[in-house]
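S.K.: Below is the structure I would like to discuss, written out as structure tokens.
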Amino acid sequence: MKKENSGSAKAKRFISNSIVHVVLAVLALVWLFPIFWVVLTSFKTDKGPYSTQFWPSEFTLDNYVRLFTDKTVLDFPQMFKNTLFIAVCCCLISTFMVLCVSYCMSRLRFKMRKSFMNMAMILTLFPGFMSMIAIYYILKAIGLSEGSMIRVALIMVYSGGAGLGFYVAKGFFDTIPKALDEAALLDGATKWQIFTKITMPLSKPIIVYTVLTSFMSPWTDFIFAKVICRANAEYYTVSVGLWKMLEKEYITKWFTSFAAGAVCISIPISILFLVTQKFYADGMSGAVKG
Amino acid sequence: MSKNYQNPHTLRAAVKHGDLGTRLSLILCGAGNMLHGQIVKGLLFLAVELGYLWFMVIAGFSCIKMLPSLGWLTQQEVWNDAKGIYEYVQGHNSVLILLYGVVTICVSVLFVLFWRGCVISSYRAQLRLKEGKHVNTFVEDVKDLFHGNLQKLLMTVPLVGIFAFTVLPLIFMITMAFTNYSKIDDHLVLFDWVGLENFKKVLSFSDTIGQTFWSVLGWTICWAIFATVLNYILGMILAIVINRKGTRCKAFWRFCFMLSVAIPQFVSLLIIRTMFNQDGIVNLMLKEAGLISESLPFFSNATWARVMVIVINLWVGIPYTMIQATGILQNIPQELYESAKVDGAGPVVTFFKITLPYMMFVMTPYLITQFTGNVNNFNVIFLLSGGNPTPVGSTAGKTDLLVTWLYKLTVDQQYFNLGAVIGILTFIVLAIVALVTYRNTTSYKDEEGFQ
């Protein structure tokens, strides 16, 4: 009697496990289908977007070659260089700002602290690009809307308000025990020394996280880039370029190149994202363990 | 240094009890500091004041003077007799007048704050002298920037950035809401203040813009609720299913779903849009399989489009919730489950009595940010449906959210004033939701709890 019972329970568990795995497999297929499709498309010979077959009849690397060599209509290598330059500058500036602000918010106590935090919360509630047109006029008024100044303008737009994104890093600094600071203060260290010699070395996960997230933002934003670059194709970033490739006049000739570009951009960004997730998790588990 | 006692260094006290130097710095910034022995600091203060006055004389006053009228001179042709041609005389440009006016006012407000700081600084030095205490020299002041006043050193640059690229544009945009800056009646170069006219227009039920606003607002709220709740519930179920004991290869399943988050949204959403196009791969495959004879109107029928954006948003959003929920699930104390098992509770009861309440407790702030994020979810709508289908003659499509409508109104259609009004109204909706809820979360009330 008892044996039978455990046997049926086992069978029941086996059935429910199988159902769960089948459902998960179907869901995973749904989730990965667009990704598969774009990877396959990037190897297709037929240039248009609307072909009936899912699996390409012939595989070719032409789309990738064309993406990086054809500079006549949409100069992808130039866009890539633009974005890389902007991203590097932007991540240096934003990281500096974020770390400064979050350290002040976490460790220093001063009069304006609470009001700054409230202000930051209120500012994040405004729709981000409500002020986009205003920013454009401001950039125009200080002469940053023409020529190579567009790059400077984009860097400033991406990193200018970075100080508002201090929450994650502040949360991390909060986990560093205050006793460390107090011990250093007793030893005669200044707060600046505590910031640079104690807090920073302990904060590697969150520094890496901040660097990577701010590095990624110029690659993924296309709204600001589109408004600020307007028709200046030589200053386009990658995302504006990819967006252009799907416009009516380009899509029939450029769709497979778009797929190739999407794959090229997505691979590094996805890797960076997965790395930031790891550092984010590390950061959240605290700086000083034990 | 403790701030527990009443701060004696206020502007009022400085005016009341200040000596000659302190009172002199009411007019000449830094004069008091110089008289109290802080020569370099005083000179720096004086330089800032002179700089401000110079700016006001050169440009500031004329900017402010133009602000009430916003300019009136149109571009004109003037006959030049000597050259025998028409010459264009530049007219006023209201946008620039407004921008310069706003900047001047902001600079003036900052200067008043600075001026107040100067007077207080002088008064502080005066009090210290009176008490026979040491007054900091300039070198000591600079050194103090690295210790007692470290926040001034660290916060200045970020604050300037935030001010220039977030606050100033916002103020500038908000002021536009009170003008008639739009292409209606050709007010793109010269425009005037109109008071609350635009707000009346947007909020009225009789005006076409008003009707559009209410329908867009309704859809925005409907979308935000659906997107948030469905993502939350389904994402949590997914996390629980992957996390349950019997599931094998947990890391593999998580990786599959995380991949869709890792890819930049504009790439994945543009791909999906192409797939669901009128002649896209999905329609073609369905046709080939003989399931349908005509293309399904994924983004060209209003109801289809609305359902589609919500469903595709699940594709984007579920993995996010899954990532968040997985971490929390692993933190639920196992003893709770064991004692429930001893009491004979089945999986359904455990879910509703333990898992769900625990998750709700921890994830409420996350839900709120998700809700506000969805109200402002520009990417999904703009990249997928672009707000379409758009009825003829309307400024907003059937799937447009307030933010995408705002984008269309300003960037495409040049109704800058209405765009600004909608931005302000969106903010008000979000602010109400956020203020009511944030202030009740423990992380806001009990900020020092972890330190």
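Residues are referred to by chain and number: the chain letter is A, B, ... according to the order shown in the structure tokens, the number counts from 1 in that chain, and ligands are numbered separately from 1 in the order shown.
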Quick one: which residues from chain A are at most 7 Å off chain B, using only C-alpha atoms, as a PyMOL selection string?

M.R.: chain A and resi 17+28+31+34+50-52+97+100-101+104+125-127+130-131+134-135+157+160-161+163+174-175+177+190-192+220+262+266+269-270+273-274

S.K.: What parts of range 19-180 of chain A does DSSP call alpha helix (DSSP H)? I'd like the answer as a count of residues only.

M.R.: 110

S.K.: Leaving out Val240 in chain A and any residue of its chain fewer than 5 positions from it, which residues lie within 8 Å of it when counting only C-alpha atoms, given as number ranges by chain?

M.R.: A: 222, 225-226

S.K.: Contacts of Pro389 in chain B at 10 Å or less, counting only C-alpha atoms, minus same-chain residues fewer than 4 places along, as an mmCIF file with C-alpha atoms, in the first residue's frame?

M.R.:
```cif
data_model
loop_
_atom_site.group_PDB
_atom_site.id
_atom_site.type_symbol
_atom_site.label_atom_id
_atom_site.label_comp_id
_atom_site.auth_asym_id
_atom_site.auth_seq_id
_atom_site.Cartn_x
_atom_site.Cartn_y
_atom_site.Cartn_z
ATOM 1 C CA PHE B 299 -0.487 47.342 -36.493
ATOM 2 C CA SER B 300 -3.122 48.799 -38.792
ATOM 3 C CA ASN B 301 -6.255 47.979 -36.782
ATOM 4 C CA ALA B 302 -6.668 49.884 -33.525
ATOM 5 C CA THR B 303 -7.708 46.928 -31.349
ATOM 6 C CA TRP B 304 -5.113 44.602 -32.883
ATOM 7 C CA ALA B 305 -2.413 47.223 -32.424
ATOM 8 C CA ARG B 306 -3.340 47.832 -28.789
ATOM 9 C CA SER B 385 3.508 50.874 -33.727
ATOM 10 C CA ALA B 396 -2.405 61.298 -32.029
ATOM 11 C CA GLY B 397 -2.741 57.671 -33.065
ATOM 12 C CA LYS B 398 -4.744 54.993 -31.347
ATOM 13 C CA THR B 399 -1.755 53.499 -29.536
ATOM 14 C CA ASP B 400 -0.063 56.793 -28.729
#
```

S.K.: Show me, as a ChimeraX atom specification, the residues that have an atom within 8 Å of Phe205 in chain B when counting only C-alpha atoms, minus same-chain residues fewer than 5 positions from it.

M.R.: /B:210-211,214

S.K.: I'd like the neighbourhood of range 142-144 of chain A as a list in words, where a residue qualifies if any of its atoms comes within 10 Å (using only C-alpha atoms), though same-chain residues fewer than 6 positions away should be ignored.

M.R.: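 The neighbour list is Tyr136, Ile150, Arg151, Val152, Ala153, Leu154, Met156 and Ile228 of chain A.
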
S.K.: How about saving the chosen residues, C-alpha atoms kept, as a short mmCIF file (atom, residue, chain, number, x, y, z; two decimals), in the first residue's frame?

M.R.:
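As written to disk, out-v6.cif reads:
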```
data_model
loop_
_atom_site.label_atom_id
_atom_site.label_comp_id
_atom_site.auth_asym_id
_atom_site.auth_seq_id
_atom_site.Cartn_x
_atom_site.Cartn_y
_atom_site.Cartn_z
CA TYR A 136 18.40 71.59 -28.69
CA ILE A 150 27.59 67.82 -32.58
CA ARG A 151 29.76 65.17 -30.99
CA VAL A 152 30.52 67.42 -28.03
CA ALA A 153 26.81 68.19 -27.79
CA LEU A 154 25.91 64.50 -27.67
CA MET A 156 27.19 66.65 -22.91
CA ILE A 228 20.59 66.61 -32.38
#
```

S.K.: Could you list, as a PyMOL selection string, every residue within 10 Å of Ile310 in chain B, counting only C-alpha atoms and ignoring same-chain residues fewer than 3 positions away?

M.R.: chain B and resi 223-224+226-228+230-231+305-307+313-317+380-381

S.K.: In Å, rounded to a single decimal, give me how far CA of Ile223 in chain A is from CA of Ser145 in chain A.

M.R.: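 Taking CA of Ser145 in chain A and CA of Ile223 in chain A, their separation equals 15.6 Å.
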
S.K.: What does the structure give for the distance between CA of His9 in chain B and CA of Leu127 in chain B, in Å to one decimal?

M.R.: 9.1 Å
